[in-house]
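Data block below; observations after.
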Amino acid sequence: MNAIEIKGLTKNFKEKQALCGLDMTVPVGAIYGFIGENGSGKSTTEKIICGLIHKSSGTVKLFSKDHTDPEIRSQMSALIEAPGCFPNMSVWNNMMLQAANLDISNAEQEVVKVLKLVRMEGAAGNKYKNCSLGMKQRVGIAMALLGNPKLLVLDEPINGLDADGMRIMREVLTDISKTGATVVISSHILGELEKIATHYGIIKGGKMLKEMTAAELEADCRTYTALQAKDMSRAKAILSCKYSHVEEDESGYIRVYDTVTPEEIVCYLYENGIIITEIGKAKIGLEEYYIDLMKGGK
Ligand SMILES: Nc1ncnc2c1ncn2[C@@H]1O[C@H](COP(=O)(O)OP(=O)(O)O)[C@@H](O)[C@H]1O
Ligand SMILES: [Mg+2]
């Protein structure tokens, strides 16, 4: 079963068409990386999924039911933009208030559980306004987790976080996924999503450009040998005589995409009087794949 199934979704804002026939499929249990440039329609899609705004046309199904079905609505949760917290209240009190709003019976127990899941159990007494951006985002996620949603939609939760904040967020999202929930995370920070996503959807201009599993991305991302030599232009010319896919990248490395070991390249260049200063195997990452895709290269 799919957690989300969208067909031909459109959304018009007065003169602007934000979504132009978007299709999207999110399998149950996925961590779905929803990727696209600013203005491509990620937040609009998420708001429609969550029932915050109306669609113009198309179908949106959640767990095989229409997304407006009240039973389904109660099983999903979202963090879109900043969480609605009272700045002068503690994290704990904000959480308890939200639990009361949702009419959660064993509130204290549930709040302890979700704060632990987002690594905030030691900071529950902090005033919300004194929390770092990463902590605030995690409080927002904890709030969204109250009531055990089957589907969690997070709009750019890693945006603006420092390296440590991102690492914690990654662990938190992986743990949430282990509880069986399906998670949709929109982002334009691709490198971070690559470490956790099981599925990807790439949106451009209000349309889904490509959907794929992490395994399909892996298979699509070519490996290559990257090297630097004392005389780069000669090295490139000599390599091009023997190998068919040789190019210089933007960071000043020569890439050989042919199936060849670094050892073979070292021997070949040495025989031709070229000294290699650095060599290793590398792989095109999501970031580069995405840029290629946007340029229409793949
Ligand atoms: N309330 C609105 N009124 C008019 N245009 C909007 C509104 N919300 C979004 N848009 C436009 O729709 C497009 C998609 O926006 P959005 O979904 O926020 O993109 P993303 O989240 O991918 O950055 C953008 O061109 C944006 O300017
Ligand atoms: Mg957005």
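Labeling convention for the structure tokens: chains A, B, ... as they appear, residues from 1 per chain, ligands from 1 in order of appearance.
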Worksheet item: Per DSSP on the backbone, what are the helix (DSSP H, G or I) residues of region 256-292 of chain A, as a ChimeraX atom specification?
Response: /A:262-271,286-292
Within 10 Å of ligand 1 (only C-alpha atoms and all ligand atoms), residues as a PDB file with C-alpha atoms, in the first residue's frame:
```
ATOM      1  CA  LYS A  11      -2.952  24.414  -7.738  1.00  0.00           C
ATOM      2  CA  ASN A  12      -3.540  27.893  -9.043  1.00  0.00           C
ATOM      3  CA  PHE A  13      -2.935  30.999  -6.962  1.00  0.00           C
ATOM      4  CA  LYS A  14      -4.629  33.867  -8.823  1.00  0.00           C
ATOM      5  CA  GLU A  15      -2.170  34.445 -11.687  1.00  0.00           C
ATOM      6  CA  LYS A  16       0.354  31.813 -10.585  1.00  0.00           C
ATOM      7  CA  GLN A  17       0.113  28.081 -11.301  1.00  0.00           C
ATOM      8  CA  ALA A  18       2.140  26.518  -8.493  1.00  0.00           C
ATOM      9  CA  LEU A  19       1.403  22.863  -9.349  1.00  0.00           C
ATOM     10  CA  PHE A  34      11.051  15.580  -1.591  1.00  0.00           C
ATOM     11  CA  ILE A  35      13.599  17.639  -3.462  1.00  0.00           C
ATOM     12  CA  GLY A  36      13.371  20.809  -5.473  1.00  0.00           C
ATOM     13  CA  GLU A  37      14.562  24.368  -5.882  1.00  0.00           C
ATOM     14  CA  ASN A  38      12.849  27.222  -4.049  1.00  0.00           C
ATOM     15  CA  GLY A  39       9.474  27.934  -5.596  1.00  0.00           C
ATOM     16  CA  SER A  40       9.174  24.512  -7.264  1.00  0.00           C
ATOM     17  CA  GLY A  41       5.997  23.666  -5.306  1.00  0.00           C
ATOM     18  CA  LYS A  42       7.125  21.527  -2.355  1.00  0.00           C
ATOM     19  CA  SER A  43       5.337  23.463   0.394  1.00  0.00           C
ATOM     20  CA  THR A  44       2.204  23.848  -1.737  1.00  0.00           C
ATOM     21  CA  THR A  45       2.063  20.063  -2.257  1.00  0.00           C
ATOM     22  CA  GLU A  46       2.613  19.433   1.454  1.00  0.00           C
ATOM     23  CA  LYS A  47      -0.041  21.938   2.468  1.00  0.00           C
ATOM     24  CA  ILE A  48      -2.565  20.228   0.177  1.00  0.00           C
ATOM     25  CA  ILE A  53      -5.045  24.619   1.510  1.00  0.00           C
ATOM     26  CA  ILE A  80       5.246  23.180   7.953  1.00  0.00           C
ATOM     27  CA  GLU A  81       7.147  26.371   8.676  1.00  0.00           C
ATOM     28  CA  ASP A 155       8.823  20.936   5.431  1.00  0.00           C
ATOM     29  CA  GLU A 156      12.554  21.709   5.300  1.00  0.00           C
ATOM     30  CA  SER A 186      11.256  18.319   1.782  1.00  0.00           C
ATOM     31  CA  SER A 187      14.640  19.911   1.348  1.00  0.00           C
ATOM     32  CA  HIS A 188      17.029  21.579  -1.002  1.00  0.00           C
ATOM     33  CA  ILE A 203      10.033  18.338  -8.375  1.00  0.00           C
ATOM     34  CA  LYS A 204      10.577  21.149 -10.851  1.00  0.00           C
ATOM     35  CA  GLY A 205       8.172  23.893 -11.878  1.00  0.00           C
ATOM     36  CA  GLY A 206       5.212  22.224 -10.159  1.00  0.00           C
TER      37      GLY A 206
END
```
Worksheet item: Of the candidates A:Cys241, A:Ala99, A:Met169, A:Ile72, which one gets nearest to Pro149 (chain A) if we count only C-alpha atoms?
Response: A:Ile72
Practice prompt. Considering only C-alpha atoms and all ligand atoms, state which residue in the set A:Asn159, A:Ser240, A:Ser251, A:Thr213 is at the smallest distance from ligand 2.
Written response: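 Of A:Asn159, A:Ser240, A:Ser251, A:Thr213, the one nearest ligand 2, counting only C-alpha atoms and all ligand atoms, is A:Asn159.
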Response to the item:
re CA of Thr261 (chain A) and CA of Glu288 (chain A): distance 22.5 Å
Discussion item. Report, in Å with one decimal, the straight-line distance from CA of Met208 (chain A) to CA of Met24 (chain A).
Written reply: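 So the answer is 7.0 Å.
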Worksheet item: Tell me, which residues of region 6-145 of chain A carry DSSP strand (DSSP E), written as an MDAnalysis selection string?
Response: chainID A and resid 6:13 16:27 31:35 57:62 65:66 76:79
Discussion item. Can you tell me which residues surround Glu171 (chain A) at a distance of at most 12 Å, considering only C-alpha atoms, apart from same-chain residues fewer than 3 positions away, and format the answer as a PyMOL selection string?
Written reply: chain A and resi 117-119+138+164-168+174-178+192-193+195-197
Expected file contents, prior selection, N, CA and C atoms, as a PDB file, in the first residue's frame:
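Output (out.pdb):
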```pdb
ATOM      1  N   LEU A 117      12.503  10.729  21.941  1.00  0.00           N
ATOM      2  CA  LEU A 117      12.725  10.374  20.540  1.00  0.00           C
ATOM      3  C   LEU A 117      13.466  11.486  19.787  1.00  0.00           C
ATOM      4  N   VAL A 118      13.193  12.746  20.143  1.00  0.00           N
ATOM      5  CA  VAL A 118      13.860  13.849  19.428  1.00  0.00           C
ATOM      6  C   VAL A 118      15.076  14.380  20.211  1.00  0.00           C
ATOM      7  N   ARG A 119      15.553  13.601  21.189  1.00  0.00           N
ATOM      8  CA  ARG A 119      16.750  13.956  21.983  1.00  0.00           C
ATOM      9  C   ARG A 119      16.575  15.289  22.719  1.00  0.00           C
ATOM     10  N   ARG A 138      13.257  20.365  16.521  1.00  0.00           N
ATOM     11  CA  ARG A 138      12.985  19.052  17.110  1.00  0.00           C
ATOM     12  C   ARG A 138      11.763  19.096  18.031  1.00  0.00           C
ATOM     13  N   ASP A 164      26.195  19.684  13.495  1.00  0.00           N
ATOM     14  CA  ASP A 164      25.783  18.851  14.616  1.00  0.00           C
ATOM     15  C   ASP A 164      24.259  18.720  14.662  1.00  0.00           C
ATOM     16  N   GLY A 165      23.569  19.855  14.407  1.00  0.00           N
ATOM     17  CA  GLY A 165      22.104  19.854  14.371  1.00  0.00           C
ATOM     18  C   GLY A 165      21.590  18.898  13.310  1.00  0.00           C
ATOM     19  N   MET A 166      22.275  18.879  12.173  1.00  0.00           N
ATOM     20  CA  MET A 166      21.861  17.987  11.081  1.00  0.00           C
ATOM     21  C   MET A 166      22.081  16.535  11.460  1.00  0.00           C
ATOM     22  N   ARG A 167      23.198  16.272  12.135  1.00  0.00           N
ATOM     23  CA  ARG A 167      23.500  14.888  12.527  1.00  0.00           C
ATOM     24  C   ARG A 167      22.415  14.371  13.478  1.00  0.00           C
ATOM     25  N   ILE A 168      22.062  15.207  14.470  1.00  0.00           N
ATOM     26  CA  ILE A 168      21.032  14.788  15.427  1.00  0.00           C
ATOM     27  C   ILE A 168      19.706  14.579  14.699  1.00  0.00           C
ATOM     28  N   THR A 174      15.661   8.884  11.417  1.00  0.00           N
ATOM     29  CA  THR A 174      15.833   7.439  11.225  1.00  0.00           C
ATOM     30  C   THR A 174      15.086   6.680  12.319  1.00  0.00           C
ATOM     31  N   ASP A 175      15.175   7.163  13.566  1.00  0.00           N
ATOM     32  CA  ASP A 175      14.461   6.509  14.678  1.00  0.00           C
ATOM     33  C   ASP A 175      12.949   6.569  14.480  1.00  0.00           C
ATOM     34  N   ILE A 176      12.461   7.720  14.002  1.00  0.00           N
ATOM     35  CA  ILE A 176      11.014   7.868  13.773  1.00  0.00           C
ATOM     36  C   ILE A 176      10.559   6.857  12.736  1.00  0.00           C
ATOM     37  N   SER A 177      11.363   6.712  11.693  1.00  0.00           N
ATOM     38  CA  SER A 177      11.010   5.772  10.638  1.00  0.00           C
ATOM     39  C   SER A 177      10.971   4.341  11.180  1.00  0.00           C
ATOM     40  N   LYS A 178      11.853   4.044  12.149  1.00  0.00           N
ATOM     41  CA  LYS A 178      11.869   2.686  12.730  1.00  0.00           C
ATOM     42  C   LYS A 178      10.582   2.389  13.502  1.00  0.00           C
ATOM     43  N   GLU A 192      22.444  15.840   2.699  1.00  0.00           N
ATOM     44  CA  GLU A 192      21.980  15.339   3.995  1.00  0.00           C
ATOM     45  C   GLU A 192      20.893  14.290   3.824  1.00  0.00           C
ATOM     46  N   LEU A 193      20.003  14.528   2.863  1.00  0.00           N
ATOM     47  CA  LEU A 193      18.918  13.571   2.624  1.00  0.00           C
ATOM     48  C   LEU A 193      19.447  12.235   2.153  1.00  0.00           C
ATOM     49  N   LYS A 195      21.775  10.566   3.085  1.00  0.00           N
ATOM     50  CA  LYS A 195      22.188   9.640   4.145  1.00  0.00           C
ATOM     51  C   LYS A 195      20.998   8.925   4.788  1.00  0.00           C
ATOM     52  N   ILE A 196      19.775   9.415   4.593  1.00  0.00           N
ATOM     53  CA  ILE A 196      18.648   8.783   5.289  1.00  0.00           C
ATOM     54  C   ILE A 196      17.481   8.351   4.395  1.00  0.00           C
ATOM     55  N   ALA A 197      17.331   9.011   3.231  1.00  0.00           N
ATOM     56  CA  ALA A 197      16.115   8.741   2.443  1.00  0.00           C
ATOM     57  C   ALA A 197      16.114   7.340   1.832  1.00  0.00           C
TER      58      ALA A 197
END
```
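Here the question is which of A:Ala123, A:Ile265, A:Ala282, A:Leu154 gets nearest to ligand 2 using only C-alpha atoms and all ligand atoms, and that residue is A:Leu154.
Taking CA of Ser64 (chain A) as the reference point, CA of Asn2 (chain A) is found at 7.0 Å.
Proximity of A:Val112, A:Ala107, A:Leu286, A:Leu152 to Leu217 (chain A), computed with only C-alpha atoms, is greatest for A:Leu286.
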Discussion item. Under the rule that only C-alpha atoms and all ligand atoms are counted, which of A:Thr59, A:Pro157, A:Gly273, A:Val111 is the nearest residue to ligand 2?
Written reply: A:Pro157
Worksheet entry | 8 Å contact set for region 133-137 of chain A, only C-alpha atoms, chain neighbours under 3 positions out, as a VMD selection string | chain A and resid 82 to 83 120 128 140 to 141 157 to 158 160 to 162 165 to 166 169
Expected file contents, prior selection, N, CA and C atoms, as a PDB file, in the first residue's frame:
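Okay, this is what ended up in selection29.pdb:
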```
ATOM      1  N   ALA A  82       7.432  27.236  11.001  1.00  0.00           N
ATOM      2  CA  ALA A  82       7.848  27.084  12.403  1.00  0.00           C
ATOM      3  C   ALA A  82       6.720  26.498  13.253  1.00  0.00           C
ATOM      4  N   PRO A  83       7.088  25.723  14.298  1.00  0.00           N
ATOM      5  CA  PRO A  83       6.034  25.184  15.171  1.00  0.00           C
ATOM      6  C   PRO A  83       5.344  26.308  15.943  1.00  0.00           C
ATOM      7  N   MET A 120      15.374  15.528  23.244  1.00  0.00           N
ATOM      8  CA  MET A 120      15.123  16.773  23.967  1.00  0.00           C
ATOM      9  C   MET A 120      14.742  16.517  25.424  1.00  0.00           C
ATOM     10  N   TYR A 128      11.126  27.935  25.476  1.00  0.00           N
ATOM     11  CA  TYR A 128      11.181  27.689  24.033  1.00  0.00           C
ATOM     12  C   TYR A 128      12.042  28.736  23.336  1.00  0.00           C
ATOM     13  N   GLY A 140       9.236  20.990  17.395  1.00  0.00           N
ATOM     14  CA  GLY A 140       8.159  20.956  16.397  1.00  0.00           C
ATOM     15  C   GLY A 140       7.873  19.530  15.950  1.00  0.00           C
ATOM     16  N   ILE A 141       8.935  18.760  15.748  1.00  0.00           N
ATOM     17  CA  ILE A 141       8.751  17.362  15.325  1.00  0.00           C
ATOM     18  C   ILE A 141       8.116  16.562  16.463  1.00  0.00           C
ATOM     19  N   PRO A 157      12.950  20.512   7.431  1.00  0.00           N
ATOM     20  CA  PRO A 157      13.327  20.488   8.854  1.00  0.00           C
ATOM     21  C   PRO A 157      14.823  20.670   9.091  1.00  0.00           C
ATOM     22  N   ILE A 158      15.646  20.485   8.052  1.00  0.00           N
ATOM     23  CA  ILE A 158      17.089  20.632   8.282  1.00  0.00           C
ATOM     24  C   ILE A 158      17.626  21.957   7.779  1.00  0.00           C
ATOM     25  N   GLY A 160      18.937  25.435   7.618  1.00  0.00           N
ATOM     26  CA  GLY A 160      19.554  26.354   8.576  1.00  0.00           C
ATOM     27  C   GLY A 160      20.257  25.684   9.744  1.00  0.00           C
ATOM     28  N   LEU A 161      20.257  24.347   9.800  1.00  0.00           N
ATOM     29  CA  LEU A 161      20.919  23.688  10.927  1.00  0.00           C
ATOM     30  C   LEU A 161      22.419  23.579  10.698  1.00  0.00           C
ATOM     31  N   ASP A 162      23.191  23.620  11.816  1.00  0.00           N
ATOM     32  CA  ASP A 162      24.632  23.411  11.672  1.00  0.00           C
ATOM     33  C   ASP A 162      24.899  21.904  11.574  1.00  0.00           C
ATOM     34  N   GLY A 165      23.569  19.855  14.407  1.00  0.00           N
ATOM     35  CA  GLY A 165      22.104  19.854  14.371  1.00  0.00           C
ATOM     36  C   GLY A 165      21.590  18.898  13.310  1.00  0.00           C
ATOM     37  N   MET A 166      22.275  18.879  12.173  1.00  0.00           N
ATOM     38  CA  MET A 166      21.861  17.987  11.081  1.00  0.00           C
ATOM     39  C   MET A 166      22.081  16.535  11.460  1.00  0.00           C
ATOM     40  N   MET A 169      19.378  15.521  13.807  1.00  0.00           N
ATOM     41  CA  MET A 169      18.116  15.423  13.074  1.00  0.00           C
ATOM     42  C   MET A 169      18.059  14.135  12.254  1.00  0.00           C
TER      43      MET A 169
END
```
Item to complete: Return the single residue from A:Ser74, A:Leu115, A:Ile6, A:Asn272 that is closest to Asp103 (chain A), with distances computed using only C-alpha atoms.
Response: A:Ser74
Worksheet item: Leaving out Ala237 (chain A) and any residue of its chain fewer than 4 positions from it, which residues lie within 12 Å of it when counting only C-alpha atoms, given as a ChimeraX atom specification?
Response: /A:229,231-233,241-248,254,256,269,272,274
Worksheet entry | For Thr10 (chain A): contacts at 6 Å, only C-alpha atoms, fewer than 2 positions along chain excluded, given as a ChimeraX atom specification | /A:19-21,56-57
Write the residues of the selection above to a file with N, CA and C atoms, as a PDB file, in the first residue's frame.
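Okay, this is what ended up in result28.pdb:
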```
ATOM      1  N   LEU A  19       1.273  24.285  -9.032  1.00  0.00           N
ATOM      2  CA  LEU A  19       1.403  22.863  -9.349  1.00  0.00           C
ATOM      3  C   LEU A  19       0.714  22.589 -10.679  1.00  0.00           C
ATOM      4  N   CYS A  20       1.414  21.869 -11.569  1.00  0.00           N
ATOM      5  CA  CYS A  20       0.905  21.686 -12.929  1.00  0.00           C
ATOM      6  C   CYS A  20       0.784  20.205 -13.262  1.00  0.00           C
ATOM      7  N   GLY A  21      -0.074  19.486 -12.563  1.00  0.00           N
ATOM      8  CA  GLY A  21      -0.273  18.062 -12.866  1.00  0.00           C
ATOM      9  C   GLY A  21       0.767  17.185 -12.203  1.00  0.00           C
ATOM     10  N   SER A  56      -6.625  22.694  -6.704  1.00  0.00           N
ATOM     11  CA  SER A  56      -7.491  23.150  -7.794  1.00  0.00           C
ATOM     12  C   SER A  56      -8.082  21.952  -8.513  1.00  0.00           C
ATOM     13  N   SER A  57      -7.240  20.934  -8.809  1.00  0.00           N
ATOM     14  CA  SER A  57      -7.748  19.685  -9.393  1.00  0.00           C
ATOM     15  C   SER A  57      -6.770  18.555  -9.127  1.00  0.00           C
TER      16      SER A  57
END
```
